[in-house]
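Student: Following this line is work21.txt, made up of compact mmCIF, C-alpha atoms:
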# COMPACT_ATOMS: atom_id res chain seq x y z
CA MET A 1 -18.99 -119.45 31.39
CA GLY A 2 -18.47 -116.83 28.69
CA LEU A 3 -20.98 -118.56 26.42
CA ARG A 4 -23.58 -118.60 29.18
CA MET A 5 -23.04 -114.90 29.86
CA GLY A 6 -23.30 -114.16 26.16
CA ILE A 7 -26.61 -116.02 25.88
CA ARG A 8 -27.90 -114.27 29.00
CA SER A 9 -26.87 -110.91 27.55
CA ARG A 10 -28.69 -111.61 24.27
CA ILE A 11 -31.83 -112.71 26.09
CA GLY A 12 -31.63 -109.50 28.12
CA ASP A 13 -31.25 -107.47 24.92
CA LEU A 14 -34.26 -109.21 23.39
CA LEU A 15 -36.34 -108.61 26.52
CA LEU A 16 -35.35 -104.95 26.64
CA GLY A 17 -36.08 -104.57 22.93
CA LEU A 18 -39.57 -106.05 23.22
CA VAL A 19 -40.42 -104.16 26.42
CA GLY A 20 -39.09 -100.92 24.93
CA PHE A 21 -41.09 -101.42 21.76
CA LEU A 22 -44.23 -102.14 23.79
CA PHE A 23 -43.63 -98.95 25.76
CA PHE A 24 -43.34 -96.82 22.62
CA VAL A 25 -46.49 -98.38 21.14
CA CYS A 26 -48.49 -97.71 24.31
CA LEU A 27 -46.97 -94.25 24.72
CA SER A 28 -47.84 -93.23 21.17
CA VAL A 29 -51.46 -94.31 21.58
CA VAL A 30 -51.81 -92.65 25.00
CA LEU A 31 -50.27 -89.42 23.71
CA VAL A 32 -52.60 -89.28 20.71
CA LEU A 33 -55.58 -90.09 22.93
CA ASN A 34 -54.70 -87.06 25.04
CA LEU A 35 -53.87 -84.77 22.10
CA ARG A 36 -57.33 -83.32 21.66
CA CYS A 37 -55.82 -80.66 19.41
CA ILE A 38 -55.85 -83.24 16.59
CA TYR A 39 -59.62 -83.45 16.76
CA TYR A 40 -60.07 -79.73 17.32
CA PHE A 41 -58.03 -79.15 14.17
CA ASP A 42 -60.20 -81.62 12.26
CA ILE A 43 -63.37 -79.82 13.27
CA ASP A 44 -62.30 -77.00 10.96
CA TYR A 45 -60.23 -79.04 8.51
CA LEU A 46 -63.02 -81.55 7.84
CA ASP A 47 -65.69 -78.83 8.16
CA LEU A 48 -67.65 -80.88 10.68
CA GLU A 49 -70.05 -78.05 11.46
CA ALA A 50 -71.27 -77.99 7.85
CA GLU A 51 -71.13 -81.76 7.48
CA THR A 52 -73.12 -82.52 10.63
CA GLY A 53 -75.20 -79.41 11.24
CA TYR A 54 -73.91 -79.22 14.82
CA SER A 55 -72.09 -76.26 16.35
CA GLU A 56 -68.39 -76.45 17.16
CA GLU A 57 -69.15 -76.08 20.86
CA LEU A 58 -71.56 -79.02 20.81
CA ILE A 59 -69.10 -81.15 18.84
CA ARG A 60 -66.27 -80.38 21.26
CA GLU A 61 -68.37 -81.09 24.37
CA ASN A 62 -69.46 -84.51 23.15
CA TYR A 63 -65.98 -85.44 21.94
CA ASP A 64 -64.51 -84.36 25.28
CA ALA A 65 -67.04 -86.55 27.09
CA LEU A 66 -65.89 -89.52 25.03
CA ILE A 67 -62.19 -88.87 25.70
CA ASP A 68 -62.72 -88.29 29.43
CA TYR A 69 -64.50 -91.65 29.58
CA ASN A 70 -61.43 -93.39 28.16
CA LEU A 71 -58.83 -91.69 30.37
CA LEU A 72 -57.87 -93.68 33.44
CA ILE A 73 -57.05 -90.57 35.47
CA LYS A 74 -60.54 -89.12 34.93
CA GLY A 75 -62.28 -92.04 36.63
CA VAL A 76 -65.47 -91.79 34.54
CA ASP A 77 -67.37 -95.07 34.93
CA LYS A 78 -70.34 -94.44 32.64
CA LEU A 79 -70.32 -92.77 29.25
CA GLU A 80 -72.98 -90.12 28.82
CA PHE A 81 -73.02 -87.77 25.84
CA PRO A 82 -74.36 -84.31 26.63
CA ASP A 83 -76.39 -84.13 23.42
CA PHE A 84 -76.52 -87.56 21.78
CA PRO A 85 -78.58 -90.68 22.47
CA MET A 86 -76.73 -94.00 22.51
CA SER A 87 -77.88 -97.50 21.56
CA ASP A 88 -77.11 -100.55 23.69
CA GLU A 89 -74.75 -101.85 21.00
CA ALA A 90 -72.84 -98.56 20.91
CA GLU A 91 -72.53 -98.57 24.70
CA ILE A 92 -71.07 -102.08 24.59
CA HIS A 93 -68.62 -101.02 21.88
CA PHE A 94 -67.46 -97.98 23.82
CA LYS A 95 -66.95 -100.17 26.90
CA GLU A 96 -64.78 -102.49 24.82
CA VAL A 97 -62.82 -99.53 23.48
CA LYS A 98 -62.32 -98.22 27.01
CA ARG A 99 -60.95 -101.58 28.17
CA ILE A 100 -58.36 -101.43 25.41
CA PHE A 101 -57.36 -97.84 26.21
CA VAL A 102 -57.17 -98.51 29.95
CA ALA A 103 -55.01 -101.58 29.32
CA LEU A 104 -52.68 -99.52 27.11
CA GLN A 105 -52.40 -96.79 29.75
CA ILE A 106 -51.49 -99.35 32.42
CA LEU A 107 -49.08 -101.13 30.08
CA CYS A 108 -47.45 -97.81 29.24
CA VAL A 109 -46.57 -97.23 32.90
CA VAL A 110 -45.56 -100.84 33.60
CA SER A 111 -43.45 -101.26 30.46
CA GLY A 112 -41.85 -97.86 31.07
CA ILE A 113 -40.79 -98.86 34.59
CA VAL A 114 -39.61 -102.32 33.54
CA GLY A 115 -37.77 -100.90 30.54
CA LEU A 116 -36.04 -98.31 32.69
CA ILE A 117 -34.92 -100.98 35.17
CA LEU A 118 -33.57 -103.16 32.37
CA LEU A 119 -31.85 -100.18 30.79
CA CYS A 120 -30.21 -99.20 34.09
CA ARG A 121 -28.80 -102.72 34.36
CA LYS A 122 -27.61 -102.82 30.76
CA LEU A 123 -25.93 -99.44 30.37
CA PRO A 124 -23.26 -99.86 33.09
CA ARG A 125 -22.29 -103.14 31.39
CA ARG A 126 -22.04 -101.34 28.07
CA GLU A 127 -24.62 -103.67 26.53
CA TYR A 128 -26.52 -101.67 23.95
CA GLY A 129 -28.11 -104.40 21.84
CA GLY A 130 -31.53 -103.81 23.41
CA LEU A 131 -31.48 -100.18 22.29
CA LYS A 132 -30.66 -101.26 18.77
CA LEU A 133 -33.60 -103.68 18.74
CA ILE A 134 -35.97 -101.03 20.07
CA SER A 135 -34.81 -98.68 17.33
CA LEU A 136 -35.29 -101.26 14.59
CA LEU A 137 -38.79 -102.25 15.73
CA THR A 138 -40.06 -98.73 16.32
CA PHE A 139 -38.55 -97.59 13.04
CA LEU A 140 -39.63 -100.41 10.73
CA VAL A 141 -43.07 -101.31 12.11
CA PRO A 142 -44.64 -97.87 11.47
CA ILE A 143 -43.20 -97.89 7.95
CA VAL A 144 -44.84 -101.25 7.18
CA LEU A 145 -48.15 -100.31 8.81
CA GLY A 146 -48.06 -96.86 7.25
CA VAL A 147 -47.65 -98.31 3.77
CA CYS A 148 -50.54 -100.74 4.35
CA ALA A 149 -52.79 -97.93 5.62
CA ALA A 150 -51.82 -95.60 2.77
CA LEU A 151 -52.51 -98.23 0.11
CA ASP A 152 -56.04 -98.94 1.34
CA TRP A 153 -57.12 -97.06 4.45
CA GLU A 154 -60.67 -98.41 4.40
CA ALA A 155 -59.51 -102.04 4.32
CA PHE A 156 -56.91 -101.29 7.01
CA PHE A 157 -59.60 -99.68 9.19
CA VAL A 158 -61.95 -102.65 8.80
CA ARG A 159 -59.20 -105.22 9.48
CA PHE A 160 -58.20 -103.33 12.60
CA HIS A 161 -61.73 -103.53 14.01
CA GLU A 162 -62.11 -107.18 13.04
CA LEU A 163 -58.86 -107.93 14.87
CA PHE A 164 -59.75 -106.20 18.13
CA PHE A 165 -63.53 -106.66 18.29
CA GLN A 166 -65.52 -109.88 18.12
CA ASN A 167 -68.74 -108.20 16.97
CA ASP A 168 -69.96 -105.59 14.52
CA TYR A 169 -71.15 -103.07 17.12
CA TRP A 170 -68.57 -100.64 15.77
CA LEU A 171 -70.78 -100.23 12.68
CA PHE A 172 -72.93 -97.37 13.94
CA ASP A 173 -76.28 -96.26 12.59
CA PRO A 174 -76.31 -92.44 12.50
CA ILE A 175 -80.02 -92.47 13.33
CA THR A 176 -79.65 -94.34 16.63
CA ASP A 177 -76.09 -93.18 17.35
CA PRO A 178 -75.56 -89.72 15.85
CA VAL A 179 -72.19 -89.44 17.62
CA ILE A 180 -70.70 -91.26 14.64
CA LEU A 181 -71.41 -88.17 12.54
CA ILE A 182 -68.78 -86.22 14.49
CA LEU A 183 -66.27 -89.09 14.27
CA PRO A 184 -65.43 -89.37 10.55
CA ASP A 185 -63.02 -92.00 9.25
CA MET A 186 -60.53 -89.32 8.22
CA PHE A 187 -60.12 -88.26 11.84
CA PHE A 188 -59.11 -91.82 12.75
CA ALA A 189 -56.72 -91.80 9.79
CA HIS A 190 -55.08 -88.68 11.21
CA CYS A 191 -54.82 -90.34 14.63
CA ALA A 192 -53.24 -93.43 13.08
CA ALA A 193 -50.76 -91.23 11.21
CA ALA A 194 -49.86 -89.43 14.45
CA ILE A 195 -49.34 -92.73 16.28
CA LEU A 196 -47.08 -94.07 13.53
CA LEU A 197 -45.16 -90.78 13.43
CA ILE A 198 -44.49 -90.91 17.17
CA LEU A 199 -43.32 -94.51 16.84
CA PHE A 200 -41.09 -93.53 13.93
CA LEU A 201 -39.57 -90.67 15.94
CA GLY A 202 -39.07 -93.03 18.87
CA GLY A 203 -37.10 -95.33 16.58
CA ILE A 204 -34.94 -92.47 15.36
CA LEU A 205 -34.20 -91.14 18.86
CA THR A 206 -33.42 -94.61 20.20
CA GLY A 207 -31.16 -95.25 17.23
CA ILE A 208 -29.31 -91.99 17.87
CA ALA A 209 -28.86 -92.93 21.55
CA TYR A 210 -27.52 -96.34 20.51
CA ARG A 211 -24.97 -94.85 18.10
CA LEU A 212 -23.81 -92.21 20.57
CA LEU A 213 -23.30 -94.77 23.33
CA LYS A 214 -21.44 -97.13 21.00
CA ARG A 215 -19.21 -94.28 19.80
CA LYS A 216 -18.52 -93.20 23.38
CA ASN A 217 -17.65 -96.76 24.35
CA LYS A 218 -15.21 -97.07 21.45
CA ARG A 219 -13.49 -93.82 22.42
CA GLN A 220 -13.16 -94.97 26.02
CA GLN A 221 -11.67 -98.27 24.89
CA ALA A 222 -9.29 -96.54 22.46
CA GLY A 223 -8.15 -94.09 25.15
CA PRO A 224 -6.32 -96.55 27.40
CA ALA A 225 -4.99 -98.44 24.36
CA GLY A 226 -3.58 -95.20 22.88
CA GLU A 227 -1.91 -94.35 26.12
Kindly return the structure encoded in the file as structure tokens.

Tutor:
Amino acid sequence: MGLRMGIRSRIGDLLLGLVGFLFFVCLSVVLVLNLRCIYYFDIDYLDLEAETGYSEELIRENYDALIDYNLLIKGVDKLEFPDFPMSDEAEIHFKEVKRIFVALQILCVVSGIVGLILLCRKLPRREYGGLKLISLLTFLVPIVLGVCAALDWEAFFVRFHELFFQNDYWLFDPITDPVILILPDMFFAHCAAAILLILFLGGILTGIAYRLLKRKNKRQQAGPAGE
């Protein structure tokens, strides 16, 4: 009976760890998607006005249109740039990107709810293994990915697109799709760095919660014994 309960507890820890990790991954992407300040900063930092010949107002308006299209709460069904034409291939690519972002937004909510339910069942039993696993995954994965991206960002960027897209429509021609001019690779590098940083912080905070709960549990167990 004890062995069965132990196995069940470990399976529960593993499930909580994976669900929690999925939640932090989705949350980090959704947060960065909504943090338009990253792009607004890059307009000046990357000197996009000089690089593209477009005004900051025009750049912002077209970027905002793209972000609104990808946000589930906005309910924008068709992407239309205020100032840029768009090829059929680019439209297909942006639809594929939207499907990914919408899926991540839905998964963020679902995994958050499921993770909270699992956590509420685990904590009263003083089973903290799931928190430890979440901490390890959200701490180590961004380190590994961060090192890979830092060593060769261009290769990392290409591999990412090859993994998630089954075509080369993400290779834009600035003549037919000038929107690519206001979306430099370095901006995506900054977004990737922000996502990995949020994951890293999630690992640290979860690890702190795990240690505090374990310490509290030990004190509670030592209290009656000391008495």

Student: Name the closest residue to Ala192 in chain A among the candidates A:Leu66, A:Leu145, A:Leu16, A:Ile11; distances are taken between atoms, counting only C-alpha atoms.

Tutor: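 Result for the nearest residue to Ala192 in chain A: A:Leu145.
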
Student: What is the CA of Gly53 in chain A to CA of Asp177 in chain A distance in Å?

Tutor: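 So the answer is 15.1 Å.
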
Student: From the list A:Phe187, A:Phe200, A:Phe157, A:Phe164, which residue is nearest Leu140 in chain A when using all atoms listed in the file?

Tutor: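 Smallest separation from Leu140 in chain A among the options: A:Phe200.
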
Student: Can you measure CA of Thr206 in chain A to CA of Phe23 in chain A for me? One decimal in Å is fine.

Tutor: 12.4 Å

Student: Pick the closest to Val179 in chain A from A:Met86, A:Ile92, A:Leu22, A:Cys148: which is it, counting all atoms listed in the file?

Tutor: A:Met86

Student: Please indicate the distance in Å from CA of Cys108 in chain A to CA of Glu89 in chain A, rounded to one decimal place.

Tutor: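 That distance, rounded to one decimal, is 28.8 Å.
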
Student: Could you pull the residues within 12 Å of Pro174 in chain A, counting only C-alpha atoms, minus those fewer than 2 positions along the same chain, as a PyMOL selection string?

Tutor: chain A and resi 52+84-87+90+170-172+176-184

Student: Do a neighbour search on range 123-127 of chain A at 8 Å with only C-alpha atoms, toss out local chain neighbours closer than 5 positions, and write the hits as a tab-separated table (two decimals) with C-alpha atoms, in the frame of the given file.

Tutor:
chain	number	residue	atom	x	y	z
A	9	SER	CA	-26.87	-110.91	27.55
A	13	ASP	CA	-31.25	-107.47	24.92
A	217	ASN	CA	-17.65	-96.76	24.35

Student: Have a look at A:Ile113, A:Gln220, A:Ala194, A:Leu205 and name the one nearest to Val19 in chain A; count all atoms listed in the file.

Tutor: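 When distances to Val19 in chain A are compared using all atoms listed in the file, the smallest one comes from A:Ile113.
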
Student: For Val158 in chain A, which residue out of A:Gly115, A:Phe41, A:Val144, A:Asp185 is the nearest one, using all atoms listed in the file?

Tutor: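 Smallest distance to Val158 in chain A is found for A:Asp185.
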
Student: Using only C-alpha atoms, which residue out of A:Phe21, A:Phe139, A:Tyr54, A:Tyr63 lies closest to Tyr39 in chain A?

Tutor: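 Closest candidate: A:Tyr63.
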
Student: Within 10 Å of Lys132 in chain A, counting all atoms listed in the file, which residues show up once you throw out same-chain ones fewer than 2 positions away? Write them as a VMD selection string, please.

Tutor: chain A and resid 13 to 14 16 to 17 128 to 130 134 to 137 203 206 to 211

Student: For Phe165 in chain A, list every protein, DNA or RNA residue within 12 Å, evaluated using all atoms listed in the file, and leave out those in the same chain fewer than 3 positions away; present the list as a PyMOL selection string.

Tutor: chain A and resi 92-97+99-100+158-162+168-171

Student: Using 8 Å of padding on each side, determine the axis-aligned box around all atoms of range 177-191 of chain A present in the file and give its centre and edge lengths in Å to one decimal, as lines of an AutoDock Vina configuration file.

Tutor:
center_x = -65.5
center_y = -89.7
center_z = 12.9
size_x = 37.3
size_y = 23.0
size_z = 25.4
